[in-house]
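Note sheet for the following structure.
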Amino acid sequence: MRRAVIPIGGCLLVCSMVWVGASGRLQPRAEVTGELRQWHKVTLTVDGPFARETDTAPNPFLDFRMTASFTHESGSPSYRVPGYFAADGRAGETSASSGNKWRAHLSPDKPGRWDYEVTLLSGPRIAVDDVAAGDRRADGGARRWAGSFEVAPTDKTGRDFRAHGRLHDVGRRYLQFAGSKAFFLKAGADSPENLLGYADFDGTRSAKAVGTARANEAATTALKTWAPHVRDWRPGDPAWKDGRGKGLIGALNYLAGAGANAVSFLTYNAGGDGDDVWPFVERDDKYHYDCSKLDQWQVVFDHAQARGLFLHFKLQETENDDTIREDHGPAPTALDAGELGVERTLYLRELVARFGYELALNWNLGEENTQTPHQQRAMARFLRETSPYPHPIVIHTYPDQQDKVYVPLLGAQSGLSGISLQNNWRTVHQRVLKWIGESEEAGRPWVVANDEQNPHFTGVPPDPGYEGSDGVARPESGSVPYTLHDVRKHTLWGALLAGGAGVEYYFGYTLPQNDLGCQDWRSREQSWGYCRVALDFFSRNRVPFEQMANHDELVGNPSHDNSRYCFARPGDIYVVYLPEGGTARLDVGQGRAAFSVQWYDPRRGGPLVPGSLASVTGPGPVELGLPPREAGDDWVILVKRQGGDRE
């Protein structure tokens, strides 16, 4: 084998010279492109059989199986990465639907030499048939490529996830970056769920007829342009096809700049509320994938990661997940009627192949999921076995079905990393605590996030003054009127001080910029600011949240109501939250240690400030004094043992 290393526009192209074909001549047949740095996307492309997206005999998605094995020179780590048909290799720019390019991606953990071997198998339904794939390898029925490339250390800093490495499920209540070893708290956007229903993506349309839409759904029947965020696109940012994509790329810029660090989206909602997102060439053709659309999705996801935005992949809407509806019968858009059959297996494999290299993501088995425990476990198992990386797997369901859905999945047997909760804004603290406790008792702690705020009519209201809104959510039923300040107090801080992994904000469907119609994240600018302030509290003050747990009882709240919260590593550090200000008594234990007392403004952020007491000394319950100002507003109190934290 010979290798040539060619610089191209700041990247490196490595051509591996391998023996191919009957002629026996050495030919450049494999390309390795990218910045070739640790944690960056490295793309391997080979010339394989020519195909068209819509071919059926053979089908390039179903009847071929590409696998790339990547191994670091030290022998560890080693990854088996599924590959995919990439049309002409530039489909995002050319809209090509045919070609001979086949592709796989790696995000390498270590600098140094990486060796690869690629196999491309063919045969009926071999993409979803492990037995047939094994037989074809054994009988020599595979095309093969091999080579190596050199990886340099990452050069990224700041929010860019390539500065921190892959976000791992490490079997704890929080995810951890493999590079920086930092733990992750999230706060971001759950709405719009149809974020990818975007006019600038190839092959994207709304399946809802405008003429039949109800008045409050009219805005959902047209594809998004993200026009309010075009101004947030910056020179040097990505786009495609002569400037398309600027609205959505700009929206991600805005969200990251506002202080959020997560974004959520459905990758399949055919037959659902939006009915405008699917990865296929056609809505109802589940065996042929749109190469150019998915390349364009990849541009968006790559940019999100560079801006420090966690990717919450919601793999299906409730209309896509199961079999029988009492009033409708089988759901025609449900993949394999809920089972892990050919449709669902191929769908999951394609998503892992095309996007699994991203560093910070979770696979959510489905929004408001109603599959059986057997079906859920099968789906989770397939993702675990197919993805080369330990990305977290979660599941979401209705508030009143949490016990029914989550209890059978407790423990290590389900393959779940955690859950994505939907709760009334007033019950977030209690429900997050419940599932943290139950998962720990079952022997496998879950990463628990509150990703949807009920009442579902209203969610998180827009800022006062936005499109004439007074900032008050008035649900049709099930809750009293509330504001974004109530959400800050009892959803954001309620989740974090229960030991939750974070929040995402849902916008309901009756208020401006709702869950389906949203194209302007500035509608919730104040709420993003409160999220930034909360995340800053933990990061700037180096609060070791991964070592802490809820201890409401230490501030006289054993029932865990919404009067006050306490999050602590007892004896060392305490975070006390007072939703209505005032003061609190904190039990600091039986020792006579001294503790500093500092206050933090969860509305404006900034540095810690002194209250009426600079310090307290144990033992037992001690008064924490009064806040610096505005006693009627919410406050955070940071209480730390003086002389340094105990290790």
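Residues in the structure tokens are numbered from 1 in each chain, the chains being A, B, ... in the order shown, and ligands are numbered from 1 in the order shown.
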
Can you build me a table of stretch 177-249 of chain A residues sitting at most 7 Å from stretch 513-521 of chain A, with the closest atom pair per residue and its distance in Å to one decimal, using only C-alpha atoms, sorted by chain and residue number, as CSV?
residue,atom,partner,partner_atom,distance
A:Ser191,CA,A:Asp515,CA,4.9
A:Pro192,CA,A:Asp515,CA,4.5
A:Glu193,CA,A:Asp515,CA,6.2
A:Asn194,CA,A:Leu516,CA,6.2
A:Ala219,CA,A:Gly517,CA,5.5
A:Thr220,CA,A:Gly517,CA,5.0
A:Lys224,CA,A:Gln519,CA,6.6
A:Trp226,CA,A:Gln519,CA,4.9
A:Pro228,CA,A:Asp520,CA,5.8
A:His229,CA,A:Asp520,CA,6.9

Hey, can you spit out that residue selection with N, CA and C atoms as a PDB file, in the first residue's frame?
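What follows is the written file out_5.pdb:
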ATOM      1  N   SER A 191     -38.521  23.666  21.710  1.00  0.00           N
ATOM      2  CA  SER A 191     -39.379  24.112  20.618  1.00  0.00           C
ATOM      3  C   SER A 191     -38.571  24.959  19.639  1.00  0.00           C
ATOM      4  N   PRO A 192     -38.916  24.882  18.358  1.00  0.00           N
ATOM      5  CA  PRO A 192     -40.004  24.104  17.779  1.00  0.00           C
ATOM      6  C   PRO A 192     -39.599  22.649  17.574  1.00  0.00           C
ATOM      7  N   GLU A 193     -40.534  21.746  17.791  1.00  0.00           N
ATOM      8  CA  GLU A 193     -40.221  20.333  17.598  1.00  0.00           C
ATOM      9  C   GLU A 193     -39.914  20.033  16.132  1.00  0.00           C
ATOM     10  N   ASN A 194     -40.521  20.812  15.223  1.00  0.00           N
ATOM     11  CA  ASN A 194     -40.268  20.627  13.795  1.00  0.00           C
ATOM     12  C   ASN A 194     -39.216  21.612  13.295  1.00  0.00           C
ATOM     13  N   ALA A 219     -50.113  28.759  10.765  1.00  0.00           N
ATOM     14  CA  ALA A 219     -48.678  29.037  10.669  1.00  0.00           C
ATOM     15  C   ALA A 219     -47.851  27.767  10.590  1.00  0.00           C
ATOM     16  N   THR A 220     -48.433  26.628  10.961  1.00  0.00           N
ATOM     17  CA  THR A 220     -47.657  25.389  10.987  1.00  0.00           C
ATOM     18  C   THR A 220     -47.658  24.679   9.653  1.00  0.00           C
ATOM     19  N   LYS A 224     -40.684  26.433   7.554  1.00  0.00           N
ATOM     20  CA  LYS A 224     -39.973  27.518   8.218  1.00  0.00           C
ATOM     21  C   LYS A 224     -38.943  28.148   7.273  1.00  0.00           C
ATOM     22  N   TRP A 226     -36.986  30.663   9.045  1.00  0.00           N
ATOM     23  CA  TRP A 226     -36.136  31.216  10.094  1.00  0.00           C
ATOM     24  C   TRP A 226     -35.673  32.631   9.732  1.00  0.00           C
ATOM     25  N   PRO A 228     -36.390  35.629  10.849  1.00  0.00           N
ATOM     26  CA  PRO A 228     -35.948  36.570  11.887  1.00  0.00           C
ATOM     27  C   PRO A 228     -34.496  36.401  12.312  1.00  0.00           C
ATOM     28  N   HIS A 229     -33.902  35.244  11.972  1.00  0.00           N
ATOM     29  CA  HIS A 229     -32.530  35.000  12.416  1.00  0.00           C
ATOM     30  C   HIS A 229     -31.502  35.081  11.285  1.00  0.00           C
TER      31      HIS A 229
END

With only C-alpha atoms as the counted atoms, please give the residues lying no more than 8 Å from stretch 378-392 of chain A, apart from itself and same-chain residues fewer than 2 positions off, as a tab-separated table (two decimals) with N, CA and C atoms, in the first residue's frame.
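Final output, selection13.tsv:
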chain	number	residue	atom	x	y	z
A	79	TYR	N	-13.03	1.33	16.85
A	79	TYR	CA	-14.45	1.55	16.58
A	79	TYR	C	-14.85	0.88	15.27
A	80	ARG	N	-16.06	0.29	15.27
A	80	ARG	CA	-16.69	-0.19	14.04
A	80	ARG	C	-17.83	0.78	13.72
A	81	VAL	N	-17.67	1.52	12.64
A	81	VAL	CA	-18.56	2.61	12.31
A	81	VAL	C	-19.40	2.25	11.08
A	82	PRO	N	-20.72	2.30	11.17
A	82	PRO	CA	-21.51	2.06	9.97
A	82	PRO	C	-21.34	3.20	8.97
A	167	LEU	N	-19.28	13.58	24.76
A	167	LEU	CA	-20.07	13.59	25.99
A	167	LEU	C	-20.57	12.18	26.25
A	168	HIS	N	-20.07	11.57	27.32
A	168	HIS	CA	-20.30	10.16	27.60
A	168	HIS	C	-21.41	9.96	28.63
A	169	ASP	N	-22.11	8.87	28.46
A	169	ASP	CA	-22.92	8.31	29.53
A	169	ASP	C	-21.96	7.50	30.41
A	340	LEU	N	-39.12	-3.54	16.02
A	340	LEU	CA	-37.80	-3.34	15.44
A	340	LEU	C	-37.69	-4.23	14.22
A	345	THR	N	-35.05	-0.61	11.79
A	345	THR	CA	-33.63	-0.94	11.85
A	345	THR	C	-32.85	-0.10	10.84
A	348	LEU	N	-32.71	3.65	12.02
A	348	LEU	CA	-31.74	3.89	13.10
A	348	LEU	C	-30.31	3.76	12.59
A	349	ARG	N	-30.06	2.78	11.76
A	349	ARG	CA	-28.71	2.60	11.22
A	349	ARG	C	-28.29	3.82	10.40
A	352	VAL	N	-27.46	6.77	12.79
A	352	VAL	CA	-26.19	6.56	13.48
A	352	VAL	C	-25.03	6.76	12.51
A	353	ALA	N	-25.15	6.24	11.30
A	353	ALA	CA	-24.08	6.35	10.32
A	353	ALA	C	-23.81	7.80	9.94
A	356	GLY	N	-23.84	9.96	14.04
A	356	GLY	CA	-23.36	9.42	15.30
A	356	GLY	C	-21.99	9.90	15.71
A	357	TYR	N	-21.22	10.48	14.81
A	357	TYR	CA	-19.90	11.01	15.15
A	357	TYR	C	-20.00	12.30	15.96
A	360	ALA	N	-21.78	15.66	21.21
A	360	ALA	CA	-22.70	15.86	22.34
A	360	ALA	C	-24.13	15.71	21.85
A	361	LEU	N	-24.71	14.56	22.13
A	361	LEU	CA	-26.07	14.28	21.67
A	361	LEU	C	-26.70	13.23	22.57
A	362	ASN	N	-28.01	13.11	22.48
A	362	ASN	CA	-28.68	11.90	22.96
A	362	ASN	C	-29.69	11.43	21.94
A	363	TRP	N	-29.90	10.12	21.94
A	363	TRP	CA	-30.94	9.50	21.13
A	363	TRP	C	-32.18	9.34	22.02
A	365	LEU	N	-35.81	7.84	22.24
A	365	LEU	CA	-36.59	6.83	21.53
A	365	LEU	C	-37.89	7.37	20.98
A	374	HIS	N	-41.08	-4.07	25.58
A	374	HIS	CA	-40.27	-4.94	24.71
A	374	HIS	C	-39.76	-4.16	23.50
A	375	GLN	N	-40.63	-3.38	22.88
A	375	GLN	CA	-40.23	-2.61	21.71
A	375	GLN	C	-39.22	-1.53	22.07
A	376	GLN	N	-39.42	-0.88	23.21
A	376	GLN	CA	-38.49	0.16	23.66
A	376	GLN	C	-37.11	-0.42	23.95
A	394	VAL	N	-32.37	8.02	25.82
A	394	VAL	CA	-33.43	8.41	26.75
A	394	VAL	C	-34.78	8.14	26.12
A	414	SER	N	-32.64	-2.23	30.60
A	414	SER	CA	-33.32	-1.52	29.51
A	414	SER	C	-32.34	-0.90	28.52
A	415	GLY	N	-31.12	-0.64	28.94
A	415	GLY	CA	-30.18	0.05	28.08
A	415	GLY	C	-30.35	1.55	28.06
A	416	LEU	N	-31.28	2.08	28.86
A	416	LEU	CA	-31.49	3.52	28.90
A	416	LEU	C	-30.46	4.21	29.78
A	417	SER	N	-30.10	5.42	29.37
A	417	SER	CA	-29.25	6.28	30.18
A	417	SER	C	-30.05	7.19	31.07
A	418	GLY	N	-31.29	7.47	30.66
A	418	GLY	CA	-32.08	8.41	31.42
A	418	GLY	C	-33.43	8.65	30.78

Mind checking which residues fall within 12 Å of stretch 129-133 of chain A, counting only C-alpha atoms, ignoring those fewer than 2 positions away in the same chain, and posting them as JSON, numbers by chain?
-> {"A": [62, 63, 64, 65, 66, 67, 119, 120, 121, 122, 123, 124, 125, 126, 127, 135, 136, 137, 138, 139, 140, 141, 142, 341, 342, 345, 346, 349, 382, 385, 386]}

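The residue that comes closest to A:Ala549, out of A:His164, A:Arg283, A:His396, A:Arg173 and on the basis of only C-alpha atoms, is A:Arg173.
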
Tell me, counting only C-alpha atoms, for each residue of stretch 156-186 of chain A within 8 Å of stretch 435-453 of chain A, which pair of atoms is nearest and how far apart they are in Å to one decimal, in rows ordered by chain and increasing number, as CSV.
residue,atom,partner,partner_atom,distance
A:Gly171,CA,A:Pro445,CA,6.4
A:Arg172,CA,A:Pro445,CA,5.5
A:Arg173,CA,A:Val447,CA,4.4
A:Tyr174,CA,A:Val447,CA,5.6
A:Leu175,CA,A:Val447,CA,7.4

Take the residues from that selection and put them in a file with N, CA, C and O atoms, as an mmCIF file, in the first residue's frame.
data_model
loop_
_atom_site.group_PDB
_atom_site.id
_atom_site.type_symbol
_atom_site.label_atom_id
_atom_site.label_comp_id
_atom_site.auth_asym_id
_atom_site.auth_seq_id
_atom_site.Cartn_x
_atom_site.Cartn_y
_atom_site.Cartn_z
ATOM 1 N N GLY A 171 -22.818 6.339 33.555
ATOM 2 C CA GLY A 171 -23.542 5.614 34.585
ATOM 3 C C GLY A 171 -23.854 6.435 35.812
ATOM 4 O O GLY A 171 -24.081 5.882 36.895
ATOM 5 N N ARG A 172 -23.886 7.763 35.675
ATOM 6 C CA ARG A 172 -24.195 8.652 36.789
ATOM 7 C C ARG A 172 -25.343 9.575 36.406
ATOM 8 O O ARG A 172 -25.905 9.468 35.318
ATOM 9 N N ARG A 173 -25.671 10.502 37.293
ATOM 10 C CA ARG A 173 -26.795 11.406 37.036
ATOM 11 C C ARG A 173 -26.458 12.485 36.020
ATOM 12 O O ARG A 173 -27.355 13.210 35.569
ATOM 13 N N TYR A 174 -25.194 12.614 35.658
ATOM 14 C CA TYR A 174 -24.770 13.639 34.717
ATOM 15 C C TYR A 174 -23.868 13.021 33.661
ATOM 16 O O TYR A 174 -23.153 12.049 33.916
ATOM 17 N N LEU A 175 -23.890 13.609 32.468
ATOM 18 C CA LEU A 175 -22.997 13.206 31.392
ATOM 19 C C LEU A 175 -21.649 13.893 31.577
ATOM 20 O O LEU A 175 -21.570 14.991 32.124
#

Among the residues of stretch 380-592 of chain A, find those DSSP assigns to strand (DSSP E or B) from the backbone and print them as a PyMOL selection string.
-> chain A and resi 393-394+396+418-424+447-454+472-473+482-483+502-505+549-550+565-569+573-578+585-587

Pull the closest atom pair for each residue of stretch 41-153 of chain A that gets at most 12 Å from stretch 299-309 of chain A, along with the distance in Å to one decimal, counting only C-alpha atoms, ordering rows by chain and then ascending residue number, as JSON lines.
{"residue": "A:Lys41", "atom": "CA", "partner": "A:Asp302", "partner_atom": "CA", "distance": 8.7}
{"residue": "A:Arg90", "atom": "CA", "partner": "A:Val299", "partner_atom": "CA", "distance": 11.9}
{"residue": "A:Ala91", "atom": "CA", "partner": "A:Val299", "partner_atom": "CA", "distance": 11.7}
{"residue": "A:Gly92", "atom": "CA", "partner": "A:Val299", "partner_atom": "CA", "distance": 8.6}
{"residue": "A:Glu93", "atom": "CA", "partner": "A:Val299", "partner_atom": "CA", "distance": 10.8}
{"residue": "A:Ser107", "atom": "CA", "partner": "A:Asp302", "partner_atom": "CA", "distance": 11.8}

Between A:Glu350, A:Glu317, A:Glu504, A:Asp276, which is the closest to A:Thr370 once you count only C-alpha atoms?
-> A:Glu317
